[in-house]
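Visitor: For reference, the structure I am asking about is given below.
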Amino acid sequence: MSAAEILDPRFAPLVIGHALLERLWTGGRWVEGPAYLAAGRYLVWSDIPNDRVMRWDETDGSVSVFRSPCNNENGHAVDRQGRLLSCEHRGRCVSRTEHDGSRTVLAAAIDGRRLNSPNDVATGPDGAVWFTDPTYGIDSDYEGDAAPSELGACHVYRIDPATGAAQAMVTDMLRPNGLAFSADGAWLYVSETGATHDPARMPEIRAYPLLPGAAGVGPGRRFATCDAGFFDGLRCDAAGNVWTSAGDGVRCHAPDGALIGRIPVPEMVSNLCFGGPKRNRLFITAHTSLYAIYVNTRGA
Ligand code: MG
C-alpha cells in the first residue's frame, strides 16, 4: 500500500508506490526548519521551544544536538556556498554560519527598528537571501522573547547581495511564513498564516512573479488555499510542483495550483525540504518528530 494519496494523475509519477513514511526521530516540542547539508551528509532542524538545533547524520542515522542555546532558531536554508542560513526568533535576525563556524548577522533591523522574528529563509535565483518576518517569535515567551513589534508590520524581505541592505519586497500579507522559489526562477511562493491573528484571513499560498534583481516581485495572486490547518513551510521540485506542509500531512500542488496529491503524516506538519545525495528524499518536520520519505522527483 502506498503512503501517498493520488488525487490527480499528475501526482502518480512523482511518488514511489512502495516507499513508506519513516519516522527518523521524535522527542521535540515543536520542530521546524529542516535543511540538508550535502557536503556533510546531515540534516539540521529546529526544536524551537527547547532552544536547540538538532542534527541527523545520514551516514549512520544518529541524532545529536547541533547547537543549544540557539536563539530559538526557526527556518533554515543552505546558500550557494553551502553555508547554513538561520532565522533566529530570539536574536530577531537572519544569520549565517560561516565555514569556520563563526556567526555573521545578515539582517537585524530596518531603518533602525528591529525585525519581528524572522521565520523562514530561502535564496533567490541570483543568490540573494530572502526571508519572512512574522511575529510568532515575539508573541509569547514560548518560542522567543515576548516583545511588541517595532516595525508594526510583517513583510517578506530581500537582502541585496551587493549592499547587504534588507528591503521589503512583499508587503500585502498579514503573517507571511514559509517561502520558496520555483526552479525556473519565475515565481516566489509565500504561505500566509495570518488566521492566527485574524480568523477571517484564509490560509493560503500566494504566488508573486519575480522581477530581475532588486526590482523584487510583481503583484501577487492566490495560488492555493488550505482546508486543513495552515500551510507553513514549502518547497518546489524541479518540475515546478509545490510541496507544502498542511495540518493533515504534506500536500503537493501542480504549477497551476491544483492539489494533486497528499502524503498523510500522523502529526501536524510544520516544514519540509528535499535532501539526500540525489535530493529525492523529502524530510518532514511535524510537531514533535522528524519524518522522511523517498519520492520520484528532485528538489529545485
Ligand atoms: Mg514557518
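Note on naming: chains are A, B, ... as they come in the C-alpha cells, residues start from 1 per chain, ligands start from 1 in the order shown.
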Please check which protein, DNA or RNA residues sit within 10 Å of ligand 1, counting only C-alpha atoms and all ligand atoms, and write them as a PDB file with all heavy atoms, in the first residue's frame.
Guide:
ATOM      1  N   GLU A  32      10.813  22.403  13.410  1.00  0.00           N
ATOM      2  CA  GLU A  32      10.670  23.237  12.207  1.00  0.00           C
ATOM      3  C   GLU A  32      11.987  23.257  11.449  1.00  0.00           C
ATOM      4  O   GLU A  32      12.999  22.730  11.898  1.00  0.00           O
ATOM      5  CB  GLU A  32      10.369  24.691  12.623  1.00  0.00           C
ATOM      6  CG  GLU A  32       8.972  24.925  13.156  1.00  0.00           C
ATOM      7  CD  GLU A  32       8.136  25.752  12.212  1.00  0.00           C
ATOM      8  OE1 GLU A  32       8.441  25.783  10.990  1.00  0.00           O
ATOM      9  OE2 GLU A  32       7.169  26.351  12.679  1.00  0.00           O
ATOM     10  N   GLY A  33      11.971  23.949  10.332  1.00  0.00           N
ATOM     11  CA  GLY A  33      13.187  24.411   9.670  1.00  0.00           C
ATOM     12  C   GLY A  33      14.206  23.377   9.256  1.00  0.00           C
ATOM     13  O   GLY A  33      15.399  23.549   9.523  1.00  0.00           O
ATOM     14  N   ASN A  74      14.420  29.146  13.933  1.00  0.00           N
ATOM     15  CA  ASN A  74      13.260  28.545  13.279  1.00  0.00           C
ATOM     16  C   ASN A  74      13.678  28.018  11.906  1.00  0.00           C
ATOM     17  O   ASN A  74      14.258  26.953  11.801  1.00  0.00           O
ATOM     18  CB  ASN A  74      12.128  29.576  13.202  1.00  0.00           C
ATOM     19  CG  ASN A  74      10.841  29.029  12.656  1.00  0.00           C
ATOM     20  OD1 ASN A  74      10.823  28.026  11.946  1.00  0.00           O
ATOM     21  ND2 ASN A  74       9.728  29.668  12.970  1.00  0.00           N
ATOM     22  N   GLY A  75      13.450  28.768  10.844  1.00  0.00           N
ATOM     23  CA  GLY A  75      13.728  28.282   9.495  1.00  0.00           C
ATOM     24  C   GLY A  75      15.208  28.282   9.144  1.00  0.00           C
ATOM     25  O   GLY A  75      15.992  29.081   9.672  1.00  0.00           O
ATOM     26  N   HIS A  76      15.571  27.348   8.259  1.00  0.00           N
ATOM     27  CA  HIS A  76      16.947  27.253   7.765  1.00  0.00           C
ATOM     28  C   HIS A  76      16.955  27.102   6.245  1.00  0.00           C
ATOM     29  O   HIS A  76      15.982  26.640   5.651  1.00  0.00           O
ATOM     30  CB  HIS A  76      17.658  26.030   8.360  1.00  0.00           C
ATOM     31  CG  HIS A  76      17.896  26.120   9.827  1.00  0.00           C
ATOM     32  ND1 HIS A  76      17.171  25.392  10.729  1.00  0.00           N
ATOM     33  CD2 HIS A  76      18.759  26.866  10.552  1.00  0.00           C
ATOM     34  CE1 HIS A  76      17.593  25.674  11.960  1.00  0.00           C
ATOM     35  NE2 HIS A  76      18.553  26.566  11.881  1.00  0.00           N
ATOM     36  N   CYS A  87      17.089  31.570  10.702  1.00  0.00           N
ATOM     37  CA  CYS A  87      16.177  32.600  11.199  1.00  0.00           C
ATOM     38  C   CYS A  87      16.134  32.483  12.713  1.00  0.00           C
ATOM     39  O   CYS A  87      15.716  31.444  13.246  1.00  0.00           O
ATOM     40  CB  CYS A  87      14.781  32.390  10.629  1.00  0.00           C
ATOM     41  SG  CYS A  87      14.676  32.735   8.862  1.00  0.00           S
ATOM     42  N   PRO A 118      12.351  36.707  12.391  1.00  0.00           N
ATOM     43  CA  PRO A 118      12.453  36.008  11.095  1.00  0.00           C
ATOM     44  C   PRO A 118      12.086  34.528  11.225  1.00  0.00           C
ATOM     45  O   PRO A 118      12.502  33.850  12.164  1.00  0.00           O
ATOM     46  CB  PRO A 118      13.914  36.220  10.704  1.00  0.00           C
ATOM     47  CG  PRO A 118      14.237  37.562  11.293  1.00  0.00           C
ATOM     48  CD  PRO A 118      13.529  37.564  12.631  1.00  0.00           C
ATOM     49  N   ASN A 119      11.286  34.069  10.279  1.00  0.00           N
ATOM     50  CA  ASN A 119      10.658  32.749  10.392  1.00  0.00           C
ATOM     51  C   ASN A 119      11.226  31.753   9.394  1.00  0.00           C
ATOM     52  O   ASN A 119      11.497  30.605   9.747  1.00  0.00           O
ATOM     53  CB  ASN A 119       9.151  32.908  10.164  1.00  0.00           C
ATOM     54  CG  ASN A 119       8.364  31.659  10.428  1.00  0.00           C
ATOM     55  OD1 ASN A 119       8.468  30.693   9.676  1.00  0.00           O
ATOM     56  ND2 ASN A 119       7.581  31.658  11.498  1.00  0.00           N
ATOM     57  N   ASP A 120      11.386  32.175   8.141  1.00  0.00           N
ATOM     58  CA  ASP A 120      11.858  31.238   7.130  1.00  0.00           C
ATOM     59  C   ASP A 120      12.704  31.989   6.115  1.00  0.00           C
ATOM     60  O   ASP A 120      12.528  33.192   5.920  1.00  0.00           O
ATOM     61  CB  ASP A 120      10.678  30.546   6.452  1.00  0.00           C
ATOM     62  CG  ASP A 120      11.007  29.123   6.023  1.00  0.00           C
ATOM     63  OD1 ASP A 120      12.208  28.758   6.015  1.00  0.00           O
ATOM     64  OD2 ASP A 120      10.073  28.382   5.680  1.00  0.00           O
ATOM     65  N   VAL A 121      13.613  31.258   5.476  1.00  0.00           N
ATOM     66  CA  VAL A 121      14.628  31.887   4.632  1.00  0.00           C
ATOM     67  C   VAL A 121      14.842  31.028   3.387  1.00  0.00           C
ATOM     68  O   VAL A 121      14.702  29.795   3.440  1.00  0.00           O
ATOM     69  CB  VAL A 121      15.932  32.088   5.445  1.00  0.00           C
ATOM     70  CG1 VAL A 121      16.461  30.754   5.960  1.00  0.00           C
ATOM     71  CG2 VAL A 121      17.006  32.818   4.655  1.00  0.00           C
ATOM     72  N   THR A 132      11.068  35.789   5.590  1.00  0.00           N
ATOM     73  CA  THR A 132       9.790  36.297   6.092  1.00  0.00           C
ATOM     74  C   THR A 132       9.973  36.749   7.534  1.00  0.00           C
ATOM     75  O   THR A 132      10.845  36.257   8.256  1.00  0.00           O
ATOM     76  CB  THR A 132       8.697  35.217   6.044  1.00  0.00           C
ATOM     77  OG1 THR A 132       9.105  34.112   6.875  1.00  0.00           O
ATOM     78  CG2 THR A 132       8.481  34.712   4.621  1.00  0.00           C
ATOM     79  N   ASP A 133       9.103  37.671   7.975  1.00  0.00           N
ATOM     80  CA  ASP A 133       9.293  38.265   9.308  1.00  0.00           C
ATOM     81  C   ASP A 133       7.963  38.443  10.056  1.00  0.00           C
ATOM     82  O   ASP A 133       7.587  39.563  10.391  1.00  0.00           O
ATOM     83  CB  ASP A 133      10.008  39.616   9.153  1.00  0.00           C
ATOM     84  CG  ASP A 133      10.361  40.258  10.482  1.00  0.00           C
ATOM     85  OD1 ASP A 133      10.786  39.520  11.398  1.00  0.00           O
ATOM     86  OD2 ASP A 133      10.211  41.488  10.605  1.00  0.00           O
ATOM     87  N   PRO A 134       7.258  37.336  10.329  1.00  0.00           N
ATOM     88  CA  PRO A 134       6.034  37.445  11.141  1.00  0.00           C
ATOM     89  C   PRO A 134       6.396  37.640  12.619  1.00  0.00           C
ATOM     90  O   PRO A 134       7.574  37.782  12.957  1.00  0.00           O
ATOM     91  CB  PRO A 134       5.341  36.104  10.896  1.00  0.00           C
ATOM     92  CG  PRO A 134       6.466  35.149  10.674  1.00  0.00           C
ATOM     93  CD  PRO A 134       7.532  35.938   9.947  1.00  0.00           C
ATOM     94  N   TYR A 136       5.665  35.531  15.297  1.00  0.00           N
ATOM     95  CA  TYR A 136       5.474  34.362  16.181  1.00  0.00           C
ATOM     96  C   TYR A 136       6.561  34.223  17.254  1.00  0.00           C
ATOM     97  O   TYR A 136       6.309  33.656  18.305  1.00  0.00           O
ATOM     98  CB  TYR A 136       5.370  33.083  15.345  1.00  0.00           C
ATOM     99  CG  TYR A 136       4.194  33.131  14.396  1.00  0.00           C
ATOM    100  CD1 TYR A 136       4.366  33.171  13.026  1.00  0.00           C
ATOM    101  CD2 TYR A 136       2.894  33.189  14.894  1.00  0.00           C
ATOM    102  CE1 TYR A 136       3.283  33.258  12.159  1.00  0.00           C
ATOM    103  CE2 TYR A 136       1.808  33.276  14.042  1.00  0.00           C
ATOM    104  CZ  TYR A 136       2.008  33.307  12.674  1.00  0.00           C
ATOM    105  OH  TYR A 136       0.930  33.401  11.832  1.00  0.00           O
ATOM    106  N   ARG A 175       0.660  37.648   7.932  1.00  0.00           N
ATOM    107  CA  ARG A 175       1.733  36.900   8.588  1.00  0.00           C
ATOM    108  C   ARG A 175       2.405  36.007   7.544  1.00  0.00           C
ATOM    109  O   ARG A 175       2.106  34.805   7.456  1.00  0.00           O
ATOM    110  CB  ARG A 175       1.203  36.041   9.752  1.00  0.00           C
ATOM    111  CG  ARG A 175       0.704  36.817  10.968  1.00  0.00           C
ATOM    112  CD  ARG A 175       1.829  37.557  11.681  1.00  0.00           C
ATOM    113  NE  ARG A 175       1.379  38.232  12.901  1.00  0.00           N
ATOM    114  CZ  ARG A 175       0.776  39.425  12.938  1.00  0.00           C
ATOM    115  NH1 ARG A 175       0.528  40.081  11.819  1.00  0.00           N
ATOM    116  NH2 ARG A 175       0.422  39.972  14.093  1.00  0.00           N
ATOM    117  N   PRO A 176       3.266  36.576   6.715  1.00  0.00           N
ATOM    118  CA  PRO A 176       4.000  35.720   5.769  1.00  0.00           C
ATOM    119  C   PRO A 176       4.840  34.720   6.547  1.00  0.00           C
ATOM    120  O   PRO A 176       5.462  35.067   7.556  1.00  0.00           O
ATOM    121  CB  PRO A 176       4.858  36.714   4.989  1.00  0.00           C
ATOM    122  CG  PRO A 176       5.010  37.893   5.897  1.00  0.00           C
ATOM    123  CD  PRO A 176       3.740  37.960   6.712  1.00  0.00           C
ATOM    124  N   ASN A 177       4.885  33.467   6.076  1.00  0.00           N
ATOM    125  CA  ASN A 177       5.528  32.423   6.883  1.00  0.00           C
ATOM    126  C   ASN A 177       6.557  31.668   6.054  1.00  0.00           C
ATOM    127  O   ASN A 177       7.698  32.081   5.959  1.00  0.00           O
ATOM    128  CB  ASN A 177       4.432  31.530   7.477  1.00  0.00           C
ATOM    129  CG  ASN A 177       4.918  30.699   8.621  1.00  0.00           C
ATOM    130  OD1 ASN A 177       6.025  30.178   8.586  1.00  0.00           O
ATOM    131  ND2 ASN A 177       4.112  30.553   9.666  1.00  0.00           N
ATOM    132  N   GLY A 178       6.179  30.558   5.398  1.00  0.00           N
ATOM    133  CA  GLY A 178       7.146  29.839   4.574  1.00  0.00           C
ATOM    134  C   GLY A 178       7.336  30.519   3.228  1.00  0.00           C
ATOM    135  O   GLY A 178       6.448  31.242   2.757  1.00  0.00           O
ATOM    136  N   LEU A 179       8.485  30.287   2.599  1.00  0.00           N
ATOM    137  CA  LEU A 179       8.704  30.838   1.260  1.00  0.00           C
ATOM    138  C   LEU A 179       9.601  29.896   0.461  1.00  0.00           C
ATOM    139  O   LEU A 179      10.398  29.155   1.029  1.00  0.00           O
ATOM    140  CB  LEU A 179       9.289  32.251   1.315  1.00  0.00           C
ATOM    141  CG  LEU A 179      10.787  32.449   1.561  1.00  0.00           C
ATOM    142  CD1 LEU A 179      11.141  33.927   1.352  1.00  0.00           C
ATOM    143  CD2 LEU A 179      11.200  32.013   2.936  1.00  0.00           C
ATOM    144  N   SER A 191       3.624  31.400   2.062  1.00  0.00           N
ATOM    145  CA  SER A 191       2.414  30.968   2.766  1.00  0.00           C
ATOM    146  C   SER A 191       1.956  32.063   3.725  1.00  0.00           C
ATOM    147  O   SER A 191       2.768  32.761   4.327  1.00  0.00           O
ATOM    148  CB  SER A 191       2.651  29.657   3.505  1.00  0.00           C
ATOM    149  OG  SER A 191       3.604  29.832   4.540  1.00  0.00           O
ATOM    150  N   GLU A 192       0.642  32.182   3.840  1.00  0.00           N
ATOM    151  CA  GLU A 192       0.005  33.183   4.707  1.00  0.00           C
ATOM    152  C   GLU A 192      -0.646  32.465   5.889  1.00  0.00           C
ATOM    153  O   GLU A 192      -1.551  31.647   5.693  1.00  0.00           O
ATOM    154  CB  GLU A 192      -1.050  33.933   3.900  1.00  0.00           C
ATOM    155  CG  GLU A 192      -2.040  34.771   4.698  1.00  0.00           C
ATOM    156  CD  GLU A 192      -1.412  36.000   5.346  1.00  0.00           C
ATOM    157  OE1 GLU A 192      -1.347  37.053   4.690  1.00  0.00           O
ATOM    158  OE2 GLU A 192      -0.991  35.875   6.525  1.00  0.00           O
ATOM    159  N   THR A 193      -0.154  32.737   7.100  1.00  0.00           N
ATOM    160  CA  THR A 193      -0.753  32.124   8.296  1.00  0.00           C
ATOM    161  C   THR A 193      -1.425  33.187   9.166  1.00  0.00           C
ATOM    162  O   THR A 193      -1.549  33.035  10.368  1.00  0.00           O
ATOM    163  CB  THR A 193       0.308  31.355   9.119  1.00  0.00           C
ATOM    164  OG1 THR A 193       1.409  32.224   9.403  1.00  0.00           O
ATOM    165  CG2 THR A 193       0.828  30.143   8.363  1.00  0.00           C
ATOM    166  N   PHE A 231      -0.918  26.143   5.776  1.00  0.00           N
ATOM    167  CA  PHE A 231       0.344  25.942   5.080  1.00  0.00           C
ATOM    168  C   PHE A 231       1.411  26.670   5.897  1.00  0.00           C
ATOM    169  O   PHE A 231       1.218  27.807   6.313  1.00  0.00           O
ATOM    170  CB  PHE A 231       0.324  26.583   3.689  1.00  0.00           C
ATOM    171  CG  PHE A 231      -0.649  25.999   2.708  1.00  0.00           C
ATOM    172  CD1 PHE A 231      -1.516  26.812   2.005  1.00  0.00           C
ATOM    173  CD2 PHE A 231      -0.673  24.634   2.458  1.00  0.00           C
ATOM    174  CE1 PHE A 231      -2.393  26.290   1.063  1.00  0.00           C
ATOM    175  CE2 PHE A 231      -1.551  24.096   1.516  1.00  0.00           C
ATOM    176  CZ  PHE A 231      -2.415  24.939   0.815  1.00  0.00           C
ATOM    177  N   ASP A 232       2.559  26.037   6.098  1.00  0.00           N
ATOM    178  CA  ASP A 232       3.667  26.724   6.779  1.00  0.00           C
ATOM    179  C   ASP A 232       4.855  26.663   5.815  1.00  0.00           C
ATOM    180  O   ASP A 232       4.909  27.404   4.847  1.00  0.00           O
ATOM    181  CB  ASP A 232       3.929  26.046   8.125  1.00  0.00           C
ATOM    182  CG  ASP A 232       4.938  26.782   8.994  1.00  0.00           C
ATOM    183  OD1 ASP A 232       5.701  27.599   8.474  1.00  0.00           O
ATOM    184  OD2 ASP A 232       4.983  26.510  10.220  1.00  0.00           O
ATOM    185  N   GLY A 233       5.800  25.749   6.039  1.00  0.00           N
ATOM    186  CA  GLY A 233       6.942  25.664   5.136  1.00  0.00           C
ATOM    187  C   GLY A 233       6.592  24.952   3.838  1.00  0.00           C
ATOM    188  O   GLY A 233       5.721  24.081   3.810  1.00  0.00           O
ATOM    189  N   LEU A 234       7.280  25.316   2.764  1.00  0.00           N
ATOM    190  CA  LEU A 234       7.029  24.719   1.457  1.00  0.00           C
ATOM    191  C   LEU A 234       8.328  24.683   0.662  1.00  0.00           C
ATOM    192  O   LEU A 234       9.276  25.415   0.955  1.00  0.00           O
ATOM    193  CB  LEU A 234       5.949  25.489   0.698  1.00  0.00           C
ATOM    194  CG  LEU A 234       6.202  26.977   0.446  1.00  0.00           C
ATOM    195  CD1 LEU A 234       5.537  27.403  -0.842  1.00  0.00           C
ATOM    196  CD2 LEU A 234       5.624  27.824   1.576  1.00  0.00           C
ATOM    197  N   SER A 245       3.671  21.903   3.625  1.00  0.00           N
ATOM    198  CA  SER A 245       3.132  21.406   4.876  1.00  0.00           C
ATOM    199  C   SER A 245       1.657  21.770   4.956  1.00  0.00           C
ATOM    200  O   SER A 245       1.210  22.744   4.346  1.00  0.00           O
ATOM    201  CB  SER A 245       3.879  22.059   6.038  1.00  0.00           C
ATOM    202  OG  SER A 245       3.721  23.472   5.971  1.00  0.00           O
ATOM    203  N   SER A 270       4.967  20.994   9.954  1.00  0.00           N
ATOM    204  CA  SER A 270       5.371  22.404  10.005  1.00  0.00           C
ATOM    205  C   SER A 270       6.206  22.796   8.798  1.00  0.00           C
ATOM    206  O   SER A 270       6.115  23.928   8.304  1.00  0.00           O
ATOM    207  CB  SER A 270       6.178  22.665  11.277  1.00  0.00           C
ATOM    208  OG  SER A 270       7.357  21.857  11.291  1.00  0.00           O
ATOM    209  N   ASN A 271       7.034  21.869   8.327  1.00  0.00           N
ATOM    210  CA  ASN A 271       8.023  22.258   7.343  1.00  0.00           C
ATOM    211  C   ASN A 271       8.552  21.023   6.636  1.00  0.00           C
ATOM    212  O   ASN A 271       8.389  19.899   7.117  1.00  0.00           O
ATOM    213  CB  ASN A 271       9.197  22.951   8.059  1.00  0.00           C
ATOM    214  CG  ASN A 271       9.416  24.364   7.558  1.00  0.00           C
ATOM    215  OD1 ASN A 271       9.649  24.565   6.370  1.00  0.00           O
ATOM    216  ND2 ASN A 271       9.347  25.322   8.448  1.00  0.00           N
TER     217      ASN A 271
END
Visitor: Mind checking which residues fall within 8 Å of A:Ala4, counting only C-alpha atoms, ignoring those fewer than 4 positions away in the same chain, and posting them as an MDAnalysis selection string?
Guide: chainID A and resid 15 17 261:264
Visitor: Using C-alpha atoms, can you write the selected residues to a file as an mmCIF file, in the first residue's frame?
Guide:
data_model
loop_
_atom_site.group_PDB
_atom_site.id
_atom_site.type_symbol
_atom_site.label_atom_id
_atom_site.label_comp_id
_atom_site.auth_asym_id
_atom_site.auth_seq_id
_atom_site.Cartn_x
_atom_site.Cartn_y
_atom_site.Cartn_z
ATOM 1 C CA VAL A 15 5.864 9.218 -5.828
ATOM 2 C CA GLY A 17 4.380 3.192 -4.751
ATOM 3 C CA GLY A 261 -1.663 14.593 -4.005
ATOM 4 C CA ARG A 262 -1.151 14.152 -0.325
ATOM 5 C CA ILE A 263 1.166 12.244 1.999
ATOM 6 C CA PRO A 264 -0.592 11.746 5.334
#
Visitor: List the spatial neighbours of stretch 291-299 of chain A as JSON, numbers by chain - criterion: any atom at most 8 Å away, only C-alpha atoms, same-chain residues fewer than 4 positions off excluded.
Guide: {"A": [13, 14, 15, 16, 19, 20, 21, 22, 23, 24, 25, 235, 236, 237, 238, 239, 273, 274, 275, 278, 279, 280, 281, 282, 283, 284, 285, 286]}
Visitor: May I have the selected residues written with N, CA, C and O atoms, as an mmCIF file, in the first residue's frame?
Guide:
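Result went into part27.cif, see below:
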data_model
loop_
_atom_site.group_PDB
_atom_site.id
_atom_site.type_symbol
_atom_site.label_atom_id
_atom_site.label_comp_id
_atom_site.auth_asym_id
_atom_site.auth_seq_id
_atom_site.Cartn_x
_atom_site.Cartn_y
_atom_site.Cartn_z
ATOM 1 N N PRO A 13 3.355 9.886 -11.034
ATOM 2 C CA PRO A 13 4.781 9.719 -11.368
ATOM 3 C C PRO A 13 5.733 10.400 -10.391
ATOM 4 O O PRO A 13 6.949 10.214 -10.504
ATOM 5 N N LEU A 14 5.216 11.169 -9.450
ATOM 6 C CA LEU A 14 6.084 11.901 -8.517
ATOM 7 C C LEU A 14 6.388 11.111 -7.257
ATOM 8 O O LEU A 14 7.239 11.516 -6.455
ATOM 9 N N VAL A 15 5.676 9.989 -7.048
ATOM 10 C CA VAL A 15 5.864 9.218 -5.828
ATOM 11 C C VAL A 15 6.271 7.786 -6.170
ATOM 12 O O VAL A 15 6.183 7.360 -7.323
ATOM 13 N N ILE A 16 6.716 7.065 -5.170
ATOM 14 C CA ILE A 16 7.146 5.676 -5.330
ATOM 15 C C ILE A 16 6.137 4.814 -4.569
ATOM 16 O O ILE A 16 5.943 5.005 -3.361
ATOM 17 N N ALA A 19 7.234 3.156 -1.326
ATOM 18 C CA ALA A 19 8.031 3.927 -0.363
ATOM 19 C C ALA A 19 7.164 4.284 0.839
ATOM 20 O O ALA A 19 6.029 4.730 0.683
ATOM 21 N N LEU A 20 7.705 4.073 2.013
ATOM 22 C CA LEU A 20 6.947 4.329 3.238
ATOM 23 C C LEU A 20 7.438 5.587 3.928
ATOM 24 O O LEU A 20 8.596 5.987 3.778
ATOM 25 N N LEU A 21 6.536 6.184 4.679
ATOM 26 C CA LEU A 21 6.919 7.294 5.535
ATOM 27 C C LEU A 21 7.655 6.731 6.740
ATOM 28 O O LEU A 21 7.161 5.830 7.416
ATOM 29 N N GLU A 22 8.855 7.231 6.996
ATOM 30 C CA GLU A 22 9.659 6.750 8.125
ATOM 31 C C GLU A 22 9.758 7.843 9.179
ATOM 32 O O GLU A 22 9.990 8.999 8.835
ATOM 33 N N ARG A 23 9.639 7.475 10.431
ATOM 34 C CA ARG A 23 9.919 8.438 11.489
ATOM 35 C C ARG A 23 11.372 8.258 11.910
ATOM 36 O O ARG A 23 11.759 7.214 12.428
ATOM 37 N N LEU A 24 12.178 9.293 11.666
ATOM 38 C CA LEU A 24 13.619 9.205 11.932
ATOM 39 C C LEU A 24 13.956 9.563 13.367
ATOM 40 O O LEU A 24 14.985 9.133 13.897
ATOM 41 N N TRP A 25 13.118 10.388 13.980
ATOM 42 C CA TRP A 25 13.425 10.847 15.346
ATOM 43 C C TRP A 25 12.160 11.452 15.944
ATOM 44 O O TRP A 25 11.318 11.988 15.230
ATOM 45 N N ARG A 235 8.348 23.791 -0.355
ATOM 46 C CA ARG A 235 9.489 23.693 -1.256
ATOM 47 C C ARG A 235 8.976 23.341 -2.655
ATOM 48 O O ARG A 235 7.939 22.691 -2.785
ATOM 49 N N CYS A 236 9.730 23.717 -3.668
ATOM 50 C CA CYS A 236 9.389 23.384 -5.046
ATOM 51 C C CYS A 236 10.272 22.244 -5.528
ATOM 52 O O CYS A 236 11.433 22.131 -5.118
ATOM 53 N N ASP A 237 9.710 21.415 -6.429
ATOM 54 C CA ASP A 237 10.557 20.403 -7.065
ATOM 55 C C ASP A 237 11.030 20.917 -8.421
ATOM 56 O O ASP A 237 10.670 22.019 -8.854
ATOM 57 N N ALA A 238 11.855 20.111 -9.068
ATOM 58 C CA ALA A 238 12.491 20.561 -10.305
ATOM 59 C C ALA A 238 11.484 20.780 -11.430
ATOM 60 O O ALA A 238 11.754 21.526 -12.378
ATOM 61 N N ALA A 239 10.303 20.147 -11.332
ATOM 62 C CA ALA A 239 9.303 20.271 -12.393
ATOM 63 C C ALA A 239 8.291 21.377 -12.114
ATOM 64 O O ALA A 239 7.338 21.542 -12.879
ATOM 65 N N CYS A 273 11.787 19.688 3.461
ATOM 66 C CA CYS A 273 12.827 20.038 2.483
ATOM 67 C C CYS A 273 13.239 18.777 1.748
ATOM 68 O O CYS A 273 13.036 17.664 2.233
ATOM 69 N N PHE A 274 13.794 18.959 0.562
ATOM 70 C CA PHE A 274 14.363 17.846 -0.184
ATOM 71 C C PHE A 274 15.822 17.678 0.228
ATOM 72 O O PHE A 274 16.533 18.659 0.460
ATOM 73 N N GLY A 275 16.263 16.418 0.309
ATOM 74 C CA GLY A 275 17.646 16.195 0.678
ATOM 75 C C GLY A 275 18.120 14.845 0.202
ATOM 76 O O GLY A 275 17.453 14.174 -0.597
ATOM 77 N N LYS A 278 20.780 12.682 -3.907
ATOM 78 C CA LYS A 278 20.025 12.895 -5.147
ATOM 79 C C LYS A 278 18.899 13.915 -4.976
ATOM 80 O O LYS A 278 18.128 14.128 -5.914
ATOM 81 N N ARG A 279 18.779 14.490 -3.787
ATOM 82 C CA ARG A 279 17.713 15.453 -3.484
ATOM 83 C C ARG A 279 16.327 14.866 -3.771
ATOM 84 O O ARG A 279 15.394 15.582 -4.148
ATOM 85 N N ASN A 280 16.198 13.553 -3.614
ATOM 86 C CA ASN A 280 14.926 12.880 -3.902
ATOM 87 C C ASN A 280 14.295 12.299 -2.638
ATOM 88 O O ASN A 280 13.457 11.417 -2.710
ATOM 89 N N ARG A 281 14.734 12.772 -1.499
ATOM 90 C CA ARG A 281 14.143 12.320 -0.236
ATOM 91 C C ARG A 281 13.533 13.547 0.438
ATOM 92 O O ARG A 281 14.201 14.575 0.590
ATOM 93 N N LEU A 282 12.266 13.408 0.800
ATOM 94 C CA LEU A 282 11.562 14.517 1.415
ATOM 95 C C LEU A 282 11.674 14.377 2.933
ATOM 96 O O LEU A 282 11.231 13.371 3.501
ATOM 97 N N PHE A 283 12.303 15.353 3.566
ATOM 98 C CA PHE A 283 12.408 15.384 5.026
ATOM 99 C C PHE A 283 11.311 16.295 5.570
ATOM 100 O O PHE A 283 11.108 17.403 5.059
ATOM 101 N N ILE A 284 10.633 15.825 6.601
ATOM 102 C CA ILE A 284 9.415 16.477 7.071
ATOM 103 C C ILE A 284 9.512 16.695 8.573
ATOM 104 O O ILE A 284 9.706 15.731 9.336
ATOM 105 N N THR A 285 9.379 17.933 9.010
ATOM 106 C CA THR A 285 9.276 18.189 10.446
ATOM 107 C C THR A 285 7.797 18.314 10.796
ATOM 108 O O THR A 285 7.032 18.986 10.099
ATOM 109 N N ALA A 286 7.379 17.617 11.857
ATOM 110 C CA ALA A 286 5.968 17.597 12.235
ATOM 111 C C ALA A 286 5.861 17.548 13.755
ATOM 112 O O ALA A 286 6.255 16.554 14.361
#
Visitor: If we count only C-alpha atoms and set the cut-off at 10 Å, which residues sit around A:Thr225, ignoring sequence neighbours fewer than 6 positions away in its own chain? Please answer as a list in words.
Guide: Ser191, Glu192, Met202, Pro203, Glu204, Ile205, Arg206, Phe231, Gly257, Ala258 and Leu259 of chain A
Visitor: Run DSSP on the backbone of this structure and report the residues of stretch 66-228 of chain A it assigns to helix (DSSP H, G or I), as a list of chain:residue names.
Guide: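 In stretch 66-228 of chain A, DSSP puts these residues in helix (DSSP H, G or I): A:Gly194, A:Ala195, A:Thr196, A:Gly213, A:Ala214, A:Ala215.
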Visitor: Produce a table with one row for each residue of stretch 203-273 of chain A that has an atom at most 9 Å from any atom of stretch 164-171 of chain A, each row naming the nearest atom pair and its distance in Å at one decimal; use only C-alpha atoms; arrange rows by chain and rising residue number; format as JSON lines.
Guide:
{"residue": "A:Tyr208", "atom": "CA", "partner": "A:Val170", "partner_atom": "CA", "distance": 8.5}
{"residue": "A:Ala214", "atom": "CA", "partner": "A:Gln167", "partner_atom": "CA", "distance": 8.6}
{"residue": "A:Ala215", "atom": "CA", "partner": "A:Met169", "partner_atom": "CA", "distance": 8.4}
{"residue": "A:Gly216", "atom": "CA", "partner": "A:Met169", "partner_atom": "CA", "distance": 5.6}
{"residue": "A:Val217", "atom": "CA", "partner": "A:Met169", "partner_atom": "CA", "distance": 6.6}
{"residue": "A:Pro219", "atom": "CA", "partner": "A:Val170", "partner_atom": "CA", "distance": 8.9}
{"residue": "A:Gly220", "atom": "CA", "partner": "A:Val170", "partner_atom": "CA", "distance": 8.5}
Visitor: Would you kindly return, as a ChimeraX atom specification, each protein, DNA or RNA residue with an atom no farther than 7 Å from any atom of A:His89, considering only C-alpha atoms and excluding same-chain residues fewer than 2 positions away?
Guide: /A:71-74,87,91-92,117-118,137,143-144
